[in-house]
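Data block for run22.cif (mmCIF, C-alpha atoms):
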data_start
loop_
_atom_site.group_PDB
_atom_site.id
_atom_site.type_symbol
_atom_site.label_atom_id
_atom_site.label_comp_id
_atom_site.auth_asym_id
_atom_site.auth_seq_id
_atom_site.Cartn_x
_atom_site.Cartn_y
_atom_site.Cartn_z
ATOM 1 C CA MET E 1233 30.818 219.411 152.180
ATOM 2 C CA GLN E 1234 34.163 217.626 151.803
ATOM 3 C CA GLN E 1235 36.087 218.194 148.581
ATOM 4 C CA SER E 1236 38.058 215.152 147.391
ATOM 5 C CA THR E 1237 40.490 214.753 144.520
ATOM 6 C CA ARG E 1238 39.556 215.065 140.858
ATOM 7 C CA ALA E 1239 36.307 216.982 141.436
ATOM 8 C CA PHE E 1240 34.552 214.114 143.202
ATOM 9 C CA TRP E 1241 33.083 214.887 146.601
ATOM 10 C CA THR E 1242 30.565 213.695 149.151
ATOM 11 C CA ILE E 1243 27.979 215.495 151.212
ATOM 12 C CA GLY E 1244 28.396 215.264 154.960
ATOM 13 C CA LEU E 1245 31.361 212.864 154.948
ATOM 14 C CA ASP E 1246 34.940 213.671 155.903
ATOM 15 C CA ASP E 1247 36.478 210.418 154.627
ATOM 16 C CA PRO E 1248 37.658 210.063 151.025
ATOM 17 C CA LEU E 1249 34.824 208.590 148.977
ATOM 18 C CA ALA E 1250 36.806 205.570 147.821
ATOM 19 C CA THR E 1251 37.151 204.311 151.432
ATOM 20 C CA VAL E 1252 33.449 204.340 152.308
ATOM 21 C CA PRO E 1253 31.524 202.111 149.844
ATOM 22 C CA ASP E 1254 29.138 201.205 152.679
ATOM 23 C CA ARG E 1255 27.947 204.830 152.661
ATOM 24 C CA ALA E 1256 28.553 205.800 149.025
ATOM 25 C CA GLY E 1257 27.757 202.516 147.261
ATOM 26 C CA ALA E 1258 30.166 200.544 145.114
ATOM 27 C CA LYS E 1259 29.395 202.384 141.866
ATOM 28 C CA ALA E 1260 30.314 205.803 143.228
ATOM 29 C CA ALA E 1261 33.223 204.459 145.278
ATOM 30 C CA ASN E 1262 34.688 202.739 142.206
ATOM 31 C CA LEU E 1263 34.409 205.902 140.135
ATOM 32 C CA ALA E 1264 36.056 207.947 142.865
ATOM 33 C CA ARG E 1265 38.857 205.431 143.111
ATOM 34 C CA ALA E 1266 39.296 205.545 139.337
ATOM 35 C CA ALA E 1267 39.392 209.343 139.454
ATOM 36 C CA THR E 1268 42.172 209.339 142.044
ATOM 37 C CA HIS E 1269 44.220 207.234 139.589
ATOM 38 C CA ASP E 1270 43.686 209.772 136.786
ATOM 39 C CA LEU E 1271 41.209 207.667 134.838
ATOM 40 C CA PRO E 1272 38.744 209.721 132.729
ATOM 41 C CA VAL E 1273 35.828 210.133 135.145
ATOM 42 C CA LEU E 1274 33.219 212.892 134.947
ATOM 43 C CA PRO E 1275 32.983 215.198 137.987
ATOM 44 C CA GLY E 1276 30.207 214.554 140.463
ATOM 45 C CA PHE E 1277 29.043 214.220 144.032
ATOM 46 C CA VAL E 1278 27.333 211.584 146.145
ATOM 47 C CA ILE E 1279 24.445 211.814 148.565
ATOM 48 C CA PRO E 1280 25.428 209.058 151.003
ATOM 49 C CA VAL E 1281 23.194 206.391 152.460
ATOM 50 C CA PRO E 1282 21.192 207.905 155.337
ATOM 51 C CA MET E 1283 22.400 206.827 158.748
ATOM 52 C CA ASP E 1284 18.844 206.776 160.059
ATOM 53 C CA ARG E 1285 15.660 205.544 158.374
ATOM 54 C CA ARG E 1286 13.902 208.769 159.320
ATOM 55 C CA GLU E 1287 16.614 210.897 157.706
ATOM 56 C CA ARG E 1288 15.653 212.407 154.344
ATOM 57 C CA TYR E 1289 18.291 212.329 151.620
ATOM 58 C CA ALA E 1290 20.425 215.297 152.632
ATOM 59 C CA ASP E 1291 17.798 218.007 152.089
ATOM 60 C CA THR E 1292 20.246 220.576 153.364
ATOM 61 C CA HIS E 1293 22.081 223.722 152.383
ATOM 62 C CA ASP E 1294 25.038 221.538 151.384
ATOM 63 C CA LEU E 1295 22.910 219.616 148.886
ATOM 64 C CA ARG E 1296 21.613 222.806 147.302
ATOM 65 C CA ALA E 1297 25.165 224.128 147.070
ATOM 66 C CA ALA E 1298 26.435 220.902 145.495
ATOM 67 C CA TRP E 1299 23.614 220.930 142.927
ATOM 68 C CA ALA E 1300 24.268 224.586 142.060
ATOM 69 C CA ARG E 1301 27.982 224.011 141.660
ATOM 70 C CA LEU E 1302 27.692 220.944 139.400
ATOM 71 C CA SER E 1303 24.737 222.197 137.342
ATOM 72 C CA HIS E 1304 26.002 225.784 137.058
ATOM 73 C CA ASP E 1305 22.850 226.942 138.844
ATOM 74 C CA GLY E 1306 20.610 224.802 136.654
ATOM 75 C CA GLU E 1307 22.159 225.656 133.288
ATOM 76 C CA ARG E 1308 23.686 222.196 132.835
ATOM 77 C CA ALA E 1309 21.517 219.055 132.886
ATOM 78 C CA LEU E 1310 22.488 216.306 135.311
ATOM 79 C CA VAL E 1311 22.191 212.544 135.599
ATOM 80 C CA VAL E 1312 20.964 211.172 138.932
ATOM 81 C CA ARG E 1313 22.102 207.569 139.321
ATOM 82 C CA SER E 1314 21.704 204.778 141.817
ATOM 83 C CA SER E 1315 24.745 203.707 143.816
ATOM 84 C CA SER E 1316 23.475 200.841 145.929
ATOM 85 C CA THR E 1317 25.654 199.101 148.459
ATOM 86 C CA LEU E 1318 24.342 195.843 146.946
ATOM 87 C CA GLU E 1319 25.456 196.380 143.319
ATOM 88 C CA ASP E 1320 28.752 196.224 141.425
ATOM 89 C CA GLY E 1321 30.324 193.697 143.759
ATOM 90 C CA ASP E 1322 32.711 190.812 143.150
ATOM 91 C CA VAL E 1323 29.906 188.238 142.967
ATOM 92 C CA SER E 1324 26.963 190.025 141.348
ATOM 93 C CA SER E 1325 26.672 193.347 139.531
ATOM 94 C CA MET E 1326 22.832 193.632 139.785
ATOM 95 C CA ALA E 1327 23.076 195.852 136.708
ATOM 96 C CA GLY E 1328 19.804 197.491 135.705
ATOM 97 C CA ARG E 1329 18.018 196.704 138.966
ATOM 98 C CA PHE E 1330 17.843 200.278 140.231
ATOM 99 C CA THR E 1331 16.591 203.586 138.895
ATOM 100 C CA SER E 1332 18.595 206.303 137.163
ATOM 101 C CA VAL E 1333 17.124 209.574 135.893
ATOM 102 C CA LEU E 1334 18.738 211.283 132.898
ATOM 103 C CA GLY E 1335 18.626 214.907 131.791
ATOM 104 C CA VAL E 1336 17.555 216.473 135.082
ATOM 105 C CA ALA E 1337 17.269 220.279 134.932
ATOM 106 C CA GLY E 1338 16.186 222.605 137.734
ATOM 107 C CA TRP E 1339 16.237 222.271 141.510
ATOM 108 C CA ALA E 1340 12.680 220.911 141.852
ATOM 109 C CA ASP E 1341 13.246 218.237 139.193
ATOM 110 C CA PHE E 1342 16.538 217.343 140.833
ATOM 111 C CA ARG E 1343 14.874 216.791 144.225
ATOM 112 C CA ARG E 1344 12.207 214.604 142.614
ATOM 113 C CA ALA E 1345 14.878 212.588 140.794
ATOM 114 C CA VAL E 1346 16.796 212.020 144.037
ATOM 115 C CA ASP E 1347 13.630 210.734 145.719
ATOM 116 C CA GLU E 1348 12.858 208.481 142.742
ATOM 117 C CA VAL E 1349 16.301 206.902 142.793
ATOM 118 C CA ALA E 1350 16.197 206.509 146.577
ATOM 119 C CA ALA E 1351 12.791 204.803 146.337
ATOM 120 C CA SER E 1352 14.258 202.075 144.105
ATOM 121 C CA ALA E 1353 16.433 200.769 146.953
ATOM 122 C CA ALA E 1354 16.273 197.047 147.688
ATOM 123 C CA GLY E 1355 16.082 197.762 151.402
ATOM 124 C CA PRO E 1356 16.618 200.482 154.008
ATOM 125 C CA GLY E 1357 20.138 201.771 154.400
ATOM 126 C CA THR E 1358 21.328 200.466 151.010
ATOM 127 C CA MET E 1359 21.001 203.322 148.497
ATOM 128 C CA ALA E 1360 23.334 206.238 147.906
ATOM 129 C CA VAL E 1361 22.696 208.659 145.038
ATOM 130 C CA LEU E 1362 25.373 209.575 142.496
ATOM 131 C CA VAL E 1363 25.037 212.865 140.584
ATOM 132 C CA GLN E 1364 27.053 213.749 137.469
ATOM 133 C CA PRO E 1365 26.651 216.002 134.410
ATOM 134 C CA ARG E 1366 24.723 214.623 131.445
ATOM 135 C CA LEU E 1367 27.137 213.694 128.656
ATOM 136 C CA ASP E 1368 26.223 214.291 125.029
ATOM 137 C CA ALA E 1369 27.768 211.070 123.737
ATOM 138 C CA ALA E 1370 28.648 210.347 120.134
ATOM 139 C CA SER E 1371 29.049 206.637 120.891
ATOM 140 C CA GLY E 1372 29.216 204.399 123.901
ATOM 141 C CA GLY E 1373 28.829 200.895 125.193
ATOM 142 C CA VAL E 1374 30.227 198.224 127.441
ATOM 143 C CA MET E 1375 33.638 196.595 127.555
ATOM 144 C CA PHE E 1376 34.903 193.429 129.226
ATOM 145 C CA GLY E 1377 38.577 193.299 130.123
ATOM 146 C CA ALA E 1378 38.470 189.547 129.446
ATOM 147 C CA ASP E 1379 36.243 187.291 127.354
ATOM 148 C CA PRO E 1380 33.581 186.211 129.880
ATOM 149 C CA VAL E 1381 32.393 183.320 127.665
ATOM 150 C CA ASP E 1382 35.703 181.704 126.751
ATOM 151 C CA GLY E 1383 37.554 182.839 129.869
ATOM 152 C CA ARG E 1384 40.373 184.320 127.776
ATOM 153 C CA THR E 1385 42.229 187.067 129.589
ATOM 154 C CA ASP E 1386 44.178 187.906 126.418
ATOM 155 C CA ARG E 1387 41.049 189.342 124.810
ATOM 156 C CA VAL E 1388 39.067 192.562 125.316
ATOM 157 C CA ILE E 1389 35.423 192.402 124.254
ATOM 158 C CA VAL E 1390 33.653 195.638 123.299
ATOM 159 C CA SER E 1391 30.017 196.214 122.375
ATOM 160 C CA ALA E 1392 29.249 199.735 121.142
ATOM 161 C CA ALA E 1393 26.474 201.752 119.522
ATOM 162 C CA PRO E 1394 25.894 205.357 118.474
ATOM 163 C CA GLY E 1395 24.920 207.591 121.401
ATOM 164 C CA GLY E 1396 25.356 206.707 125.045
ATOM 165 C CA PRO E 1397 25.396 203.169 126.439
ATOM 166 C CA GLN E 1398 21.943 203.323 128.039
ATOM 167 C CA ALA E 1399 19.953 201.749 125.181
ATOM 168 C CA LEU E 1400 22.607 199.095 124.682
ATOM 169 C CA VAL E 1401 22.787 198.200 128.366
ATOM 170 C CA GLY E 1402 18.997 198.136 128.557
ATOM 171 C CA GLY E 1403 18.748 195.698 125.661
ATOM 172 C CA GLU E 1404 16.805 198.127 123.475
ATOM 173 C CA ILE E 1405 19.335 197.944 120.617
ATOM 174 C CA ASP E 1406 22.077 195.607 119.450
ATOM 175 C CA GLY E 1407 25.559 197.057 119.314
ATOM 176 C CA THR E 1408 28.577 196.169 117.241
ATOM 177 C CA ARG E 1409 30.813 193.598 118.899
ATOM 178 C CA TYR E 1410 34.576 193.987 118.629
ATOM 179 C CA ASP E 1411 37.055 191.315 119.740
ATOM 180 C CA LEU E 1412 40.424 192.914 120.518
ATOM 181 C CA THR E 1413 43.835 191.843 121.673
ATOM 182 C CA ARG E 1414 45.023 193.433 124.900
ATOM 183 C CA ARG E 1415 46.914 195.996 122.815
ATOM 184 C CA GLY E 1416 43.740 196.958 120.975
ATOM 185 C CA ARG E 1417 44.334 195.216 117.656
ATOM 186 C CA LEU E 1418 41.043 194.142 116.070
ATOM 187 C CA VAL E 1419 40.642 190.364 115.846
ATOM 188 C CA ALA E 1420 37.002 190.241 114.765
ATOM 189 C CA ALA E 1421 33.930 192.447 114.413
ATOM 190 C CA ASP E 1422 30.387 191.332 113.636
ATOM 191 C CA ARG E 1423 29.779 194.210 111.203
ATOM 192 C CA ASP E 1424 31.816 196.568 109.067
ATOM 193 C CA ASP E 1425 29.922 199.784 109.808
ATOM 194 C CA GLY E 1426 30.418 199.918 113.583
ATOM 195 C CA PRO E 1427 30.630 203.264 115.394
ATOM 196 C CA LEU E 1428 34.228 202.994 116.651
ATOM 197 C CA THR E 1429 37.482 203.734 114.830
ATOM 198 C CA PRO E 1430 40.713 201.720 115.189
ATOM 199 C CA LEU E 1431 42.173 204.539 117.300
ATOM 200 C CA GLN E 1432 39.157 204.494 119.638
ATOM 201 C CA LEU E 1433 39.463 200.716 119.993
ATOM 202 C CA ARG E 1434 43.113 201.067 121.003
ATOM 203 C CA ARG E 1435 42.166 203.711 123.559
ATOM 204 C CA LEU E 1436 39.544 201.368 124.999
ATOM 205 C CA ALA E 1437 42.052 198.528 125.276
ATOM 206 C CA HIS E 1438 44.367 200.889 127.162
ATOM 207 C CA LEU E 1439 41.482 201.825 129.470
ATOM 208 C CA ALA E 1440 40.762 198.124 130.061
ATOM 209 C CA ALA E 1441 44.379 197.594 131.096
ATOM 210 C CA ARG E 1442 44.357 200.634 133.401
ATOM 211 C CA THR E 1443 41.117 199.654 135.148
ATOM 212 C CA ALA E 1444 42.393 196.101 135.658
ATOM 213 C CA GLN E 1445 45.549 197.548 137.215
ATOM 214 C CA VAL E 1446 43.625 199.886 139.516
ATOM 215 C CA PHE E 1447 41.022 197.350 140.655
ATOM 216 C CA GLY E 1448 43.132 194.207 140.632
ATOM 217 C CA GLY E 1449 41.422 192.271 137.862
ATOM 218 C CA PRO E 1450 39.427 192.461 134.600
ATOM 219 C CA GLN E 1451 36.588 194.972 134.726
ATOM 220 C CA ASP E 1452 33.128 195.245 133.201
ATOM 221 C CA VAL E 1453 33.168 198.874 132.049
ATOM 222 C CA GLU E 1454 30.569 201.278 130.702
ATOM 223 C CA PHE E 1455 32.114 203.984 128.536
ATOM 224 C CA ALA E 1456 31.219 206.828 126.196
ATOM 225 C CA PHE E 1457 32.976 209.030 123.664
ATOM 226 C CA GLY E 1458 31.834 212.650 123.770
ATOM 227 C CA ARG E 1459 31.164 214.736 120.697
ATOM 228 C CA ASP E 1460 34.615 216.218 121.177
ATOM 229 C CA GLY E 1461 36.208 212.768 120.971
ATOM 230 C CA ARG E 1462 37.047 212.466 124.679
ATOM 231 C CA LEU E 1463 36.710 209.027 126.247
ATOM 232 C CA TRP E 1464 34.846 208.799 129.573
ATOM 233 C CA LEU E 1465 34.643 205.983 132.097
ATOM 234 C CA LEU E 1466 31.028 205.848 133.316
ATOM 235 C CA GLN E 1467 31.130 202.724 135.450
ATOM 236 C CA SER E 1468 33.568 199.993 136.473
ATOM 237 C CA ARG E 1469 32.782 196.747 138.236
ATOM 238 C CA PRO E 1470 34.462 193.319 138.374
ATOM 239 C CA VAL E 1471 33.749 190.782 135.645
ATOM 240 C CA THR E 1472 31.536 188.467 137.710
ATOM 241 C CA ALA E 1473 31.015 185.551 135.290
ATOM 242 C CA LEU E 1474 34.404 184.696 133.819
ATOM 243 C CA ALA E 1475 34.233 181.160 132.439
ATOM 244 C CA PRO E 1476 37.060 178.776 133.345
ATOM 245 C CA LEU E 1477 39.640 178.140 130.670
ATOM 246 C CA PRO E 1478 39.676 174.655 129.141
ATOM 247 C CA PRO E 1479 42.484 172.340 130.289
ATOM 248 C CA ARG E 1480 45.845 173.298 128.833
ATOM 249 C CA GLY E 1481 46.281 171.697 125.426
ATOM 250 C CA ALA E 1482 42.661 170.526 125.225
ATOM 251 C CA VAL E 1483 41.211 170.528 121.712
ATOM 252 C CA LEU E 1484 37.507 170.373 120.873
ATOM 253 C CA LEU E 1485 37.067 168.619 117.522
ATOM 254 C CA GLY E 1486 33.955 168.469 115.386
ATOM 255 C CA PRO E 1487 32.763 168.755 111.790
ATOM 256 C CA GLY E 1488 32.058 172.463 112.204
ATOM 257 C CA PRO E 1489 32.389 174.617 109.083
ATOM 258 C CA VAL E 1490 34.501 172.052 107.194
ATOM 259 C CA ALA E 1491 31.509 169.704 106.970
ATOM 260 C CA GLU E 1492 30.019 171.869 104.232
ATOM 261 C CA THR E 1493 33.162 171.501 102.125
ATOM 262 C CA LEU E 1494 33.956 167.852 102.918
ATOM 263 C CA PRO E 1495 30.739 166.171 104.083
ATOM 264 C CA ASP E 1496 31.594 162.588 103.044
ATOM 265 C CA PRO E 1497 34.108 160.038 104.376
ATOM 266 C CA LEU E 1498 37.595 160.489 102.936
ATOM 267 C CA SER E 1499 40.038 157.981 101.564
ATOM 268 C CA PRO E 1500 43.695 158.233 102.667
ATOM 269 C CA LEU E 1501 44.546 159.792 99.295
ATOM 270 C CA GLU E 1502 41.755 162.385 99.691
ATOM 271 C CA GLU E 1503 43.015 163.250 103.153
ATOM 272 C CA ASP E 1504 46.401 164.111 101.675
ATOM 273 C CA LEU E 1505 44.913 165.952 98.700
ATOM 274 C CA TRP E 1506 42.319 168.033 100.539
ATOM 275 C CA LEU E 1507 42.952 168.207 104.277
ATOM 276 C CA VAL E 1508 46.602 169.249 104.195
ATOM 277 C CA PRO E 1509 46.123 172.341 101.961
ATOM 278 C CA LEU E 1510 42.873 173.208 103.766
ATOM 279 C CA ASP E 1511 44.680 173.119 107.111
ATOM 280 C CA ARG E 1512 47.512 175.285 105.781
ATOM 281 C CA GLY E 1513 45.136 177.825 104.257
ATOM 282 C CA LEU E 1514 43.014 178.172 107.394
ATOM 283 C CA GLY E 1515 46.123 178.374 109.566
ATOM 284 C CA GLU E 1516 47.586 181.181 107.471
ATOM 285 C CA ALA E 1517 44.308 183.106 107.650
ATOM 286 C CA LEU E 1518 44.108 182.697 111.440
ATOM 287 C CA ALA E 1519 47.713 183.767 111.929
ATOM 288 C CA THR E 1520 47.307 186.811 109.681
ATOM 289 C CA ALA E 1521 44.214 187.882 111.621
ATOM 290 C CA GLY E 1522 46.055 187.456 114.917
ATOM 291 C CA ALA E 1523 43.526 184.892 116.176
ATOM 292 C CA VAL E 1524 46.123 182.119 116.661
ATOM 293 C CA SER E 1525 49.876 182.222 117.094
ATOM 294 C CA ARG E 1526 52.068 180.426 114.593
ATOM 295 C CA ARG E 1527 53.552 178.450 117.469
ATOM 296 C CA ALA E 1528 50.087 177.065 118.251
ATOM 297 C CA LEU E 1529 49.577 176.237 114.589
ATOM 298 C CA ARG E 1530 52.830 174.281 114.543
ATOM 299 C CA ARG E 1531 51.805 172.492 117.727
ATOM 300 C CA SER E 1532 48.512 171.137 116.382
ATOM 301 C CA PRO E 1533 46.617 171.264 113.073
ATOM 302 C CA THR E 1534 43.399 173.215 112.611
ATOM 303 C CA VAL E 1535 41.860 170.523 110.388
ATOM 304 C CA ARG E 1536 42.526 166.795 110.634
ATOM 305 C CA ALA E 1537 40.908 163.454 109.875
ATOM 306 C CA VAL E 1538 39.025 161.626 112.615
ATOM 307 C CA GLY E 1539 37.649 158.220 111.698
ATOM 308 C CA GLY E 1540 37.993 158.994 108.037
ATOM 309 C CA ARG E 1541 36.046 162.274 108.220
ATOM 310 C CA ALA E 1542 37.194 165.886 108.249
ATOM 311 C CA ALA E 1543 37.204 167.476 111.707
ATOM 312 C CA ALA E 1544 38.188 170.988 112.814
ATOM 313 C CA ASP E 1545 39.439 172.600 116.000
ATOM 314 C CA LEU E 1546 36.157 174.303 116.907
ATOM 315 C CA ARG E 1547 37.624 176.597 119.559
ATOM 316 C CA ARG E 1548 40.295 177.827 117.180
ATOM 317 C CA LEU E 1549 37.737 178.577 114.467
ATOM 318 C CA GLY E 1550 35.314 180.242 116.895
ATOM 319 C CA ALA E 1551 32.661 177.616 116.120
ATOM 320 C CA GLU E 1552 32.415 175.991 119.538
ATOM 321 C CA PRO E 1553 28.816 174.915 120.343
ATOM 322 C CA ALA E 1554 27.042 176.937 123.023
ATOM 323 C CA ARG E 1555 27.557 175.591 126.530
ATOM 324 C CA ARG E 1556 24.581 173.956 128.173
ATOM 325 C CA ARG E 1557 23.193 175.608 131.277
#
Could you spell out this file's structure in structure tokens?
Amino acid sequence: MQQSTRAFWTIGLDDPLATVPDRAGAKAANLARAATHDLPVLPGFVIPVPMDRRERYADTHDLRAAWARLSHDGERALVVRSSSTLEDGDVSSMAGRFTSVLGVAGWADFRRAVDEVAASAAGPGTMAVLVQPRLDAASGGVMFGADPVDGRTDRVIVSAAPGGPQALVGGEIDGTRYDLTRRGRLVAADRDDGPLTPLQLRRLAHLAARTAQVFGGPQDVEFAFGRDGRLWLLQSRPVTALAPLPPRGAVLLGPGPVAETLPDPLSPLEEDLWLVPLDRGLGEALATAGAVSRRALRRSPTVRAVGGRAAADLRRLGAEPARRR
């Protein structure tokens, strides 16, 4: 049993875990790599992909010793997770495709959980098994180090809910969405009673920056805050569906929200009386919220007249129509 840095180790492998994703799976390899860079990763071990189809998943003395060490001889519940060689890649994450078993206590239950996770493999020689302690989470969720819809790399998008991220990731509940700047300043939230504090949001933005630095690009992260307030990185994979940015300087105009206020055609006098103060008021609100820089506001108006009707910059107001498939 080879001990690696930061309490992450593998069974039966001499190489550092981060260098063998073909045996440990991308999920475990990414966590081990994060741990070597001092990111907040829970301890754990990996049962590597069997080298032979007839080989059972490391039913050895080393496995029993690893289980006893991490579980404190069964006193601490564990999480047995998939770490497929096919998931968490640069092209497709395959999130939710494989089995994970939570709250495993006792040696017999642990062996059954390992077999259950291994049986969810998409093919022979593709599934490693990641084992970590169960975390009693106060809140958790997912975070994108860039806005995958708008393609903005100056935004961090967080979705969080009370408890761990499992129900949120599985689509069982809706979390609170937070739009942040890269420094963690809140730009928008879809509800006022979300589970995260401003300090926690800043810590998440810092984690987004650190994971992007370690892995070379924006990451899709699962995270949790423990009952003691500690932040934990549970999973990191590349953002696989980052939309392209619109052409530089491109503006998408439409009636948008201003149509409710000014639905009818405007005379030149009405344009001066209504559109100019409306544009200034919206611009001041956007600048105060940090959604748009004042330089951008000076470069182009938020509201203008097009063909005698009021039109707004839909991207700037966050009212862009959904893209067609």
Pick from E:Pro1500, E:Gly1550, E:Gly1357, E:Pro1533: nearest to Gly1515 (chain E), with all atoms listed in the file counted?
-> E:Pro1533
Expressed in Å, the length from CA of Leu1274 (chain E) to CA of Asp1254 (chain E) is 21.6 Å
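Using all atoms listed in the file, the smallest distance between any of E:Thr1358, E:Thr1534, E:Ser1525, E:Thr1472 and Pro1509 (chain E) comes from E:Thr1534.
The shortest atom-to-atom distance to Arg1265 (chain E), with all atoms listed in the file taken into account, belongs to E:Leu1465 out of E:Ala1543, E:Val1524, E:Val1390, E:Leu1465.
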Residue nearest Val1336 (chain E) among E:Ser1352, E:Ser1314, E:Thr1443, E:Ser1303 (counting only C-alpha atoms) | E:Ser1303
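Take the PyMOL selection byres ((chain E and resi 1493) around 12) and apply it to this file: it picks E:Pro1487, E:Gly1488, E:Pro1489, E:Val1490, E:Ala1491, E:Glu1492, E:Leu1494, E:Pro1495, E:Asp1496, E:Pro1497, E:Leu1498, E:Trp1506, E:Leu1507, E:Leu1510, E:Arg1541, E:Ala1542, E:Ala1543, E:Ala1544.
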Residue members of the PyMOL selection byres ((chain E and resi 1548) around 12) in the file shown, as a ChimeraX atom specification = /E:1382,1481-1486,1488-1489,1511,1514-1515,1517-1519,1522-1525,1528-1529,1532-1535,1544-1547,1549-1552
Writer output for current selection, C-alpha atoms, as a tab-separated table (two decimals), keeping the file's coordinate frame:
chain	number	residue	atom	x	y	z
E	1382	ASP	CA	35.70	181.70	126.75
E	1481	GLY	CA	46.28	171.70	125.43
E	1482	ALA	CA	42.66	170.53	125.22
E	1483	VAL	CA	41.21	170.53	121.71
E	1484	LEU	CA	37.51	170.37	120.87
E	1485	LEU	CA	37.07	168.62	117.52
E	1486	GLY	CA	33.96	168.47	115.39
E	1488	GLY	CA	32.06	172.46	112.20
E	1489	PRO	CA	32.39	174.62	109.08
E	1511	ASP	CA	44.68	173.12	107.11
E	1514	LEU	CA	43.01	178.17	107.39
E	1515	GLY	CA	46.12	178.37	109.57
E	1517	ALA	CA	44.31	183.11	107.65
E	1518	LEU	CA	44.11	182.70	111.44
E	1519	ALA	CA	47.71	183.77	111.93
E	1522	GLY	CA	46.06	187.46	114.92
E	1523	ALA	CA	43.53	184.89	116.18
E	1524	VAL	CA	46.12	182.12	116.66
E	1525	SER	CA	49.88	182.22	117.09
E	1528	ALA	CA	50.09	177.06	118.25
E	1529	LEU	CA	49.58	176.24	114.59
E	1532	SER	CA	48.51	171.14	116.38
E	1533	PRO	CA	46.62	171.26	113.07
E	1534	THR	CA	43.40	173.22	112.61
E	1535	VAL	CA	41.86	170.52	110.39
E	1544	ALA	CA	38.19	170.99	112.81
E	1545	ASP	CA	39.44	172.60	116.00
E	1546	LEU	CA	36.16	174.30	116.91
E	1547	ARG	CA	37.62	176.60	119.56
E	1549	LEU	CA	37.74	178.58	114.47
E	1550	GLY	CA	35.31	180.24	116.90
E	1551	ALA	CA	32.66	177.62	116.12
E	1552	GLU	CA	32.42	175.99	119.54
Scan for residues within 9 Å of the point (44.7, 199.8, 123.9) in the coordinates of the file, using only C-alpha atoms, and reply as a PDB file with C-alpha atoms, in the frame of the given file.
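That gives us part_3.pdb:
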ATOM      1  CA  LEU E1412      40.424 192.914 120.518  1.00  0.00           C
ATOM      2  CA  THR E1413      43.835 191.843 121.673  1.00  0.00           C
ATOM      3  CA  ARG E1414      45.023 193.433 124.900  1.00  0.00           C
ATOM      4  CA  ARG E1415      46.914 195.996 122.815  1.00  0.00           C
ATOM      5  CA  GLY E1416      43.740 196.958 120.975  1.00  0.00           C
ATOM      6  CA  ARG E1417      44.334 195.216 117.656  1.00  0.00           C
ATOM      7  CA  LEU E1431      42.173 204.539 117.300  1.00  0.00           C
ATOM      8  CA  GLN E1432      39.157 204.494 119.638  1.00  0.00           C
ATOM      9  CA  LEU E1433      39.463 200.716 119.993  1.00  0.00           C
ATOM     10  CA  ARG E1434      43.113 201.067 121.003  1.00  0.00           C
ATOM     11  CA  ARG E1435      42.166 203.711 123.559  1.00  0.00           C
ATOM     12  CA  LEU E1436      39.544 201.368 124.999  1.00  0.00           C
ATOM     13  CA  ALA E1437      42.052 198.528 125.276  1.00  0.00           C
ATOM     14  CA  HIS E1438      44.367 200.889 127.162  1.00  0.00           C
ATOM     15  CA  LEU E1439      41.482 201.825 129.470  1.00  0.00           C
ATOM     16  CA  ALA E1440      40.762 198.124 130.061  1.00  0.00           C
ATOM     17  CA  ALA E1441      44.379 197.594 131.096  1.00  0.00           C
TER      18      ALA E1441
END
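With all atoms listed in the file as the basis for measurement, E:Ala1369 is the residue among E:Ala1369, E:Gly1540, E:Val1419, E:Val1388 that approaches Arg1459 (chain E) most closely.
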